[in-house]
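*Asks:* What follows is protein_30.pdb, PDB, C-alpha atoms and all ligand atoms.
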```
ATOM      1  CA  MET D  76      -4.937  -7.979 -17.575
ATOM      2  CA  THR D  77      -2.478  -5.178 -18.046
ATOM      3  CA  ILE D  78       0.487  -3.905 -16.138
ATOM      4  CA  ARG D  79      -0.069  -0.180 -15.595
ATOM      5  CA  PRO D  80       2.611   2.421 -14.848
ATOM      6  CA  ILE D  81       3.005   3.181 -11.131
ATOM      7  CA  ILE D  82       2.985   6.828 -10.094
ATOM      8  CA  GLU D  83       5.883   7.887  -7.866
ATOM      9  CA  VAL D  84       6.483  10.757  -5.469
ATOM     10  CA  PRO D  85       6.484  13.722  -5.775
ATOM     11  CA  ASP D  86       3.633  13.298  -8.304
ATOM     12  CA  LYS D  87       0.740  15.413  -6.973
ATOM     13  CA  ARG D  88      -1.847  12.798  -7.948
ATOM     14  CA  LEU D  89      -0.708  10.775  -4.928
ATOM     15  CA  LYS D  90      -2.236  13.529  -2.757
ATOM     16  CA  THR D  91      -5.708  12.919  -4.200
ATOM     17  CA  VAL D  92      -8.463  11.774  -1.834
ATOM     18  CA  SER D  93     -10.010   8.792  -3.635
ATOM     19  CA  GLN D  94     -13.765   8.465  -4.161
ATOM     20  CA  PRO D  95     -16.031   5.642  -2.984
ATOM     21  CA  VAL D  96     -17.009   3.091  -5.610
ATOM     22  CA  ALA D  97     -20.806   3.118  -6.139
ATOM     23  CA  GLU D  98     -21.009  -0.531  -7.141
ATOM     24  CA  VAL D  99     -18.504  -3.320  -7.775
ATOM     25  CA  THR D 100     -18.867  -3.952 -11.512
ATOM     26  CA  ASP D 101     -16.880  -5.792 -14.173
ATOM     27  CA  ASP D 102     -14.986  -2.523 -14.696
ATOM     28  CA  THR D 103     -14.014  -2.499 -11.007
ATOM     29  CA  ARG D 104     -12.875  -6.118 -11.292
ATOM     30  CA  ALA D 105     -10.873  -5.313 -14.447
ATOM     31  CA  LEU D 106      -9.175  -2.505 -12.502
ATOM     32  CA  MET D 107      -8.419  -4.879  -9.606
ATOM     33  CA  ASP D 108      -7.012  -7.502 -12.007
ATOM     34  CA  ASP D 109      -4.735  -4.892 -13.595
ATOM     35  CA  MET D 110      -3.676  -3.627 -10.174
ATOM     36  CA  LEU D 111      -2.796  -7.143  -9.030
ATOM     37  CA  ASP D 112      -0.696  -7.762 -12.150
ATOM     38  CA  THR D 113       0.985  -4.398 -11.697
ATOM     39  CA  MET D 114       1.720  -5.120  -8.029
ATOM     40  CA  TYR D 115       3.139  -8.591  -8.717
ATOM     41  CA  ASP D 116       5.243  -7.224 -11.566
ATOM     42  CA  ALA D 117       6.752  -4.654  -9.180
ATOM     43  CA  ASN D 118       7.235  -7.246  -6.388
ATOM     44  CA  GLY D 119       4.909  -5.337  -4.088
ATOM     45  CA  ILE D 120       2.559  -6.678  -1.423
ATOM     46  CA  GLY D 121      -0.082  -3.934  -1.644
ATOM     47  CA  LEU D 122      -1.302  -1.350  -4.135
ATOM     48  CA  ALA D 123      -3.961   1.376  -4.002
ATOM     49  CA  ALA D 124      -5.748   2.455  -7.200
ATOM     50  CA  ILE D 125      -4.400   6.011  -6.968
ATOM     51  CA  GLN D 126      -0.898   4.569  -7.447
ATOM     52  CA  VAL D 127      -1.932   3.748 -11.015
ATOM     53  CA  GLY D 128      -3.719   7.092 -11.338
ATOM     54  CA  VAL D 129      -7.275   5.939 -10.566
ATOM     55  CA  ALA D 130      -8.924   7.874  -7.697
ATOM     56  CA  ASP D 131     -11.241   5.028  -6.613
ATOM     57  CA  ARG D 132     -11.246   3.547  -3.111
ATOM     58  CA  VAL D 133      -9.810   0.223  -4.268
ATOM     59  CA  ILE D 134      -6.868  -1.744  -2.801
ATOM     60  CA  VAL D 135      -5.243  -5.039  -3.737
ATOM     61  CA  MET D 136      -2.875  -6.926  -1.437
ATOM     62  CA  ASP D 137      -1.020 -10.200  -1.280
ATOM     63  CA  ILE D 138       1.173 -10.460   1.758
ATOM     64  CA  SER D 139       1.999 -14.092   1.024
ATOM     65  CA  ARG D 140       4.487 -12.552  -1.406
ATOM     66  CA  ARG D 141       6.227 -10.878   1.473
ATOM     67  CA  GLU D 142       9.513 -12.717   0.906
ATOM     68  CA  GLN D 143       9.935 -10.585  -2.202
ATOM     69  CA  TRP D 144       9.490  -7.459  -0.230
ATOM     70  CA  HIS D 145      12.365  -5.660   1.408
ATOM     71  CA  GLY D 146      10.400  -4.935   4.571
ATOM     72  CA  ALA D 147      10.139  -8.630   5.292
ATOM     73  CA  THR D 148      13.093  -9.462   7.481
ATOM     74  CA  GLU D 149      13.786 -13.119   8.052
ATOM     75  CA  ASP D 150      14.936 -12.568  11.599
ATOM     76  CA  ASP D 151      11.449 -11.503  12.598
ATOM     77  CA  PRO D 152       9.952 -14.763  13.902
ATOM     78  CA  GLU D 153       6.649 -13.076  14.648
ATOM     79  CA  GLU D 154       6.167 -12.703  10.912
ATOM     80  CA  ALA D 155       7.616 -16.076   9.973
ATOM     81  CA  ASP D 156       4.265 -17.542   9.000
ATOM     82  CA  THR D 157       1.277 -15.312   8.506
ATOM     83  CA  GLY D 158      -0.814 -18.168   7.132
ATOM     84  CA  GLU D 159      -1.712 -15.811   4.329
ATOM     85  CA  THR D 160      -2.225 -17.122   0.851
ATOM     86  CA  GLY D 161      -3.236 -15.389  -2.295
ATOM     87  CA  PRO D 162      -4.617 -12.019  -3.265
ATOM     88  CA  ARG D 163      -7.057  -9.890  -1.290
ATOM     89  CA  PHE D 164      -9.291  -7.187  -2.740
ATOM     90  CA  PHE D 165     -10.735  -4.273  -0.790
ATOM     91  CA  VAL D 166     -13.338  -1.870  -2.179
ATOM     92  CA  ASN D 167     -14.445   1.101  -0.023
ATOM     93  CA  PRO D 168     -12.499  -0.149   3.030
ATOM     94  CA  GLU D 169     -13.291   1.431   6.398
ATOM     95  CA  ILE D 170     -11.336   0.887   9.595
ATOM     96  CA  VAL D 171     -13.947   0.049  12.217
ATOM     97  CA  TRP D 172     -11.577  -0.607  15.120
ATOM     98  CA  VAL D 173      -7.916  -0.139  15.978
ATOM     99  CA  SER D 174      -5.911  -1.458  18.946
ATOM    100  CA  GLU D 175      -4.341   0.907  21.432
ATOM    101  CA  GLU D 176      -1.135  -1.053  21.133
ATOM    102  CA  THR D 177       1.085   0.216  18.331
ATOM    103  CA  ARG D 178       3.828  -1.486  16.423
ATOM    104  CA  ASN D 179       6.811  -0.294  14.414
ATOM    105  CA  TYR D 180       7.275  -1.816  11.026
ATOM    106  CA  GLN D 181       9.788  -1.003   8.351
ATOM    107  CA  GLU D 182       7.610   0.120   5.459
ATOM    108  CA  GLY D 183       8.317   0.626   1.819
ATOM    109  CA  CYS D 184       6.095   1.812  -1.019
ATOM    110  CA  LEU D 185       6.015   1.168  -4.760
ATOM    111  CA  SER D 186       5.513   4.940  -5.153
ATOM    112  CA  VAL D 187       8.660   5.684  -3.102
ATOM    113  CA  PRO D 188      11.144   3.313  -4.738
ATOM    114  CA  GLY D 189      14.277   2.315  -2.844
ATOM    115  CA  PHE D 190      13.370   3.858   0.497
ATOM    116  CA  TYR D 191      12.272   2.127   3.692
ATOM    117  CA  ASP D 192      11.678   3.387   7.189
ATOM    118  CA  ASP D 193       9.928   2.514  10.424
ATOM    119  CA  VAL D 194       6.355   3.706  10.853
ATOM    120  CA  ALA D 195       4.345   3.236  14.063
ATOM    121  CA  ARG D 196       0.723   2.208  13.567
ATOM    122  CA  PRO D 197      -1.950   0.380  15.599
ATOM    123  CA  ALA D 198      -0.826  -3.251  15.896
ATOM    124  CA  GLN D 199      -4.294  -4.636  15.113
ATOM    125  CA  CYS D 200      -7.349  -3.333  13.314
ATOM    126  CA  ARG D 201     -10.692  -4.431  11.886
ATOM    127  CA  VAL D 202     -11.637  -3.424   8.375
ATOM    128  CA  ALA D 203     -15.066  -3.440   6.714
ATOM    129  CA  PHE D 204     -15.053  -3.516   2.919
ATOM    130  CA  LEU D 205     -16.630  -4.925  -0.241
ATOM    131  CA  ASP D 206     -14.824  -7.898  -1.755
ATOM    132  CA  TYR D 207     -14.082  -8.813  -5.394
ATOM    133  CA  ASP D 208     -17.729  -9.842  -5.848
ATOM    134  CA  GLY D 209     -19.123  -6.750  -4.134
ATOM    135  CA  LYS D 210     -20.023  -8.673  -0.983
ATOM    136  CA  ALA D 211     -19.716  -6.886   2.383
ATOM    137  CA  GLN D 212     -16.947  -8.377   4.532
ATOM    138  CA  GLU D 213     -15.125  -7.671   7.749
ATOM    139  CA  LEU D 214     -11.556  -8.697   8.443
ATOM    140  CA  ALA D 215      -9.534  -8.740  11.665
ATOM    141  CA  CYS D 216      -5.972  -7.712  10.832
ATOM    142  CA  ASP D 217      -2.786  -8.305  12.787
ATOM    143  CA  GLY D 218       0.940  -8.168  12.058
ATOM    144  CA  LEU D 219       1.949  -7.351   8.500
ATOM    145  CA  LEU D 220      -1.667  -7.545   7.347
ATOM    146  CA  ALA D 221      -2.619  -4.724   9.755
ATOM    147  CA  THR D 222       0.384  -2.632   8.757
ATOM    148  CA  CYS D 223      -0.199  -3.147   5.058
ATOM    149  CA  ILE D 224      -3.933  -2.379   5.029
ATOM    150  CA  GLN D 225      -3.356   0.809   7.048
ATOM    151  CA  HIS D 226      -0.552   1.862   4.691
ATOM    152  CA  GLU D 227      -2.778   1.266   1.657
ATOM    153  CA  MET D 228      -5.754   3.025   3.233
ATOM    154  CA  ASP D 229      -3.546   6.074   3.810
ATOM    155  CA  HIS D 230      -3.132   6.219   0.013
ATOM    156  CA  LEU D 231      -6.925   6.584  -0.317
ATOM    157  CA  GLU D 232      -6.639   9.761   1.786
ATOM    158  CA  GLY D 233      -3.760  11.106  -0.288
ATOM    159  CA  ILE D 234      -1.144  10.160   2.310
ATOM    160  CA  VAL D 235       2.119   8.345   1.557
ATOM    161  CA  PHE D 236       4.177   6.818   4.385
ATOM    162  CA  LEU D 237       6.775   9.567   3.988
ATOM    163  CA  ASP D 238       4.128  11.941   5.354
ATOM    164  CA  ARG D 239       4.255   9.984   8.614
ATOM    165  CA  LEU D 240       8.008  10.558   9.039
ATOM    166  CA  SER D 241       9.715  13.711  10.283
ATOM    167  CA  ARG D 242       9.784  16.651   7.883
ATOM    168  CA  LEU D 243      13.567  16.489   7.798
ATOM    169  CA  LYS D 244      13.558  12.846   6.771
ATOM    170  CA  ARG D 245      10.829  13.393   4.177
ATOM    171  CA  GLN D 246      12.743  16.267   2.585
ATOM    172  CA  MET D 247      15.924  14.214   2.534
ATOM    173  CA  VAL D 248      14.165  11.377   0.697
ATOM    174  CA  LEU D 249      12.466  13.685  -1.815
ATOM    175  CA  LYS D 250      15.828  15.339  -2.520
ATOM    176  CA  LYS D 251      17.444  11.950  -3.109
ATOM    177  CA  ILE D 252      14.643  10.920  -5.470
ATOM    178  CA  ALA D 253      14.890  14.204  -7.396
ATOM    179  CA  LYS D 254      18.643  13.760  -7.733
ATOM    180  CA  ALA D 255      18.263  10.154  -8.936
ATOM    181  CA  GLU D 256      15.783  11.385 -11.540
ATOM    182  CA  ARG D 257      18.150  14.112 -12.725
ATOM    183  CA  ASP D 258      20.971  11.562 -13.004
ATOM    184  CA  THR D 259      18.734   9.217 -15.011
ATOM    185  CA  ALA D 260      17.644  12.059 -17.297
ATOM    186  CA  ARG D 261      21.276  12.964 -17.885
ATOM    187  CA  ALA D 262      22.199   9.376 -18.680
ATOM    188  CA  GLU D 263      19.451   9.059 -21.294
TER     189      GLU D 263
HETATM  190 ZN    ZN A   1       2.362   2.726  -0.663
END
```
Would you kindly transcribe this structure into structure tokens?
*Replies:*
Amino acid sequence: MTIRPIIEVPDKRLKTVSQPVAEVTDDTRALMDDMLDTMYDANGIGLAAIQVGVADRVIVMDISRREQWHGATEDDPEEADTGETGPRFFVNPEIVWVSEETRNYQEGCLSVPGFYDDVARPAQCRVAFLDYDGKAQELACDGLLATCIQHEMDHLEGIVFLDRLSRLKRQMVLKKIAKAERDTARAE
């Protein structure tokens, strides 16, 4: 297993629409293993393959690690115990149902380091996908799980959560990131 570099905005590769995986093979599993290592190393709770430059419809998640994630606020009792343990793998995920009820959650993204903001999404959803072994599964998602899977599935369509904020806010963030990069370049 290898930790791969994570692509950050404004890298154009993040706008790629990822392709369905024809079959879950050992190569797919090797990719998922690498993605999981990469995600844990970066203290993330979800990662889409395009974030490591692979345009396959593959997602890894582990929301039991949420305490390491900024978006997890301790004063949110609703999220106190998700009962979630361990990694989840999603190949070719499809949302088959979403609730009318929406929910605001403060999201962050390993491809948008250091920035968090509220995004409104359906509060619950059902997702059909192939698991680590290539078996067809369906999962009912609520709370952080629903938010996270929808955030990751956006990546498969070339969408980052910044795209769901106002244009003004998005431009402000991109400017900040560009400035931070210039400052780093100058310091090196
Ligand atoms: Zn993300």
*Asks:* Which residues are near ligand ZN 1 (chain A) in this structure, taking near to mean any atom at most 6 Å from a ligand atom and counting all atoms listed in the file? Format them as a VMD selection string.
*Replies:* chain D and resid 184 to 186 227
*Asks:* Name the residues in contact with Arg245 in chain D at a cut-off of 12 Å, using all atoms listed in the file, excluding same-chain residues fewer than 4 positions from it; report them as an MDAnalysis selection string.
*Replies:* chainID D and resid 84:85 187 190:192 235:241 249:252
*Asks:* Please measure the separation of CA of Leu89 in chain D and CA of Ile125 in chain D, giving the value in Å to one decimal.
*Replies:*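 Answer for the CA of Leu89 in chain D to CA of Ile125 in chain D separation: 6.4 Å.
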*Asks:* Step by step, gather every atom of range 106-118 of chain D that the file lists, find the box along x, y and z that holds them, add 3 Å on each side, and finally give centre and edge lengths in Å to one decimal, as JSON.
*Replies:*
```
{"center_x": -1.0, "center_y": -5.5, "center_z": -10.0, "size_x": 22.4, "size_y": 12.1, "size_z": 13.2}
```
*Asks:* Hey, can you check how far CA of Met228 in chain D sits from CA of Pro197 in chain D?
*Replies:* 13.2 Å
*Asks:* Between D:His230, D:Lys254, D:Lys210, D:Arg178, which is the closest to Gln94 in chain D once you count all atoms listed in the file?
*Replies:* D:His230
*Asks:* Pick the closest to Leu231 in chain D from D:Thr103, D:Asn167, D:Thr113, D:Gln199: which is it, counting only C-alpha atoms?
*Replies:*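 Nearest candidate to Leu231 in chain D out of D:Thr103, D:Asn167, D:Thr113, D:Gln199: D:Asn167.
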*Asks:* Ranking D:Leu214, D:Gln225, D:Met136, D:Glu169 by minimum distance to Ala195 in chain D and counting only C-alpha atoms, which one comes first?
*Replies:*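 Using only C-alpha atoms, the shortest distance to Ala195 in chain D belongs to D:Gln225.
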*Asks:* Which residue gives the smallest distance to Thr177 in chain D among D:Pro162, D:Pro95, D:Gly218, D:Gly209, with only C-alpha atoms counted?
*Replies:*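 Using only C-alpha atoms, Thr177 in chain D sits closest to D:Gly218.
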*Asks:* For the file shown, report as a PyMOL selection string the outcome of the PyMOL selection byres (((chain D and resi 104) around 10) and not hetatm) at residue level.
*Replies:* chain D and resi 99-103+105-110+133+164+206-209
*Asks:* Go through D:Ala255, D:Ile81, D:Ala211, D:Cys200 one by one, measure the shortest atom-to-atom distance of each to Phe165 in chain D using all atoms listed in the file, and give the residue with the smallest value.
*Replies:*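 Ranking D:Ala255, D:Ile81, D:Ala211, D:Cys200 by distance to Phe165 in chain D, first place goes to D:Ala211.
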*Asks:* What residues come out when you apply the PyMOL selection byres (((chain D and resi 215) around 7) and not hetatm) to this file, written as a list in words?
*Replies:* Cys200, Arg201, Val202, Glu213, Leu214, Cys216 and Asp217 of chain D
*Asks:* Using all atoms listed in the file, pick whichever of D:Ala97, D:Met114, D:Ile82, D:Val92 has the shortest atom-to-atom distance to Ala130 in chain D.
*Replies:* D:Val92
*Asks:* Rounded to one decimal place, report the CA of Ile120 in chain D-CA of Leu243 in chain D distance in Å.
*Replies:* 27.3 Å
*Asks:* So that I can check the surroundings of Val166 in chain D, please list as JSON, numbers by chain every protein, DNA and RNA residue that reaches within 6 Å of it, counting only C-alpha atoms and ignoring chain neighbours fewer than 4 positions away.
*Replies:* {"D": [132, 133, 204, 205]}
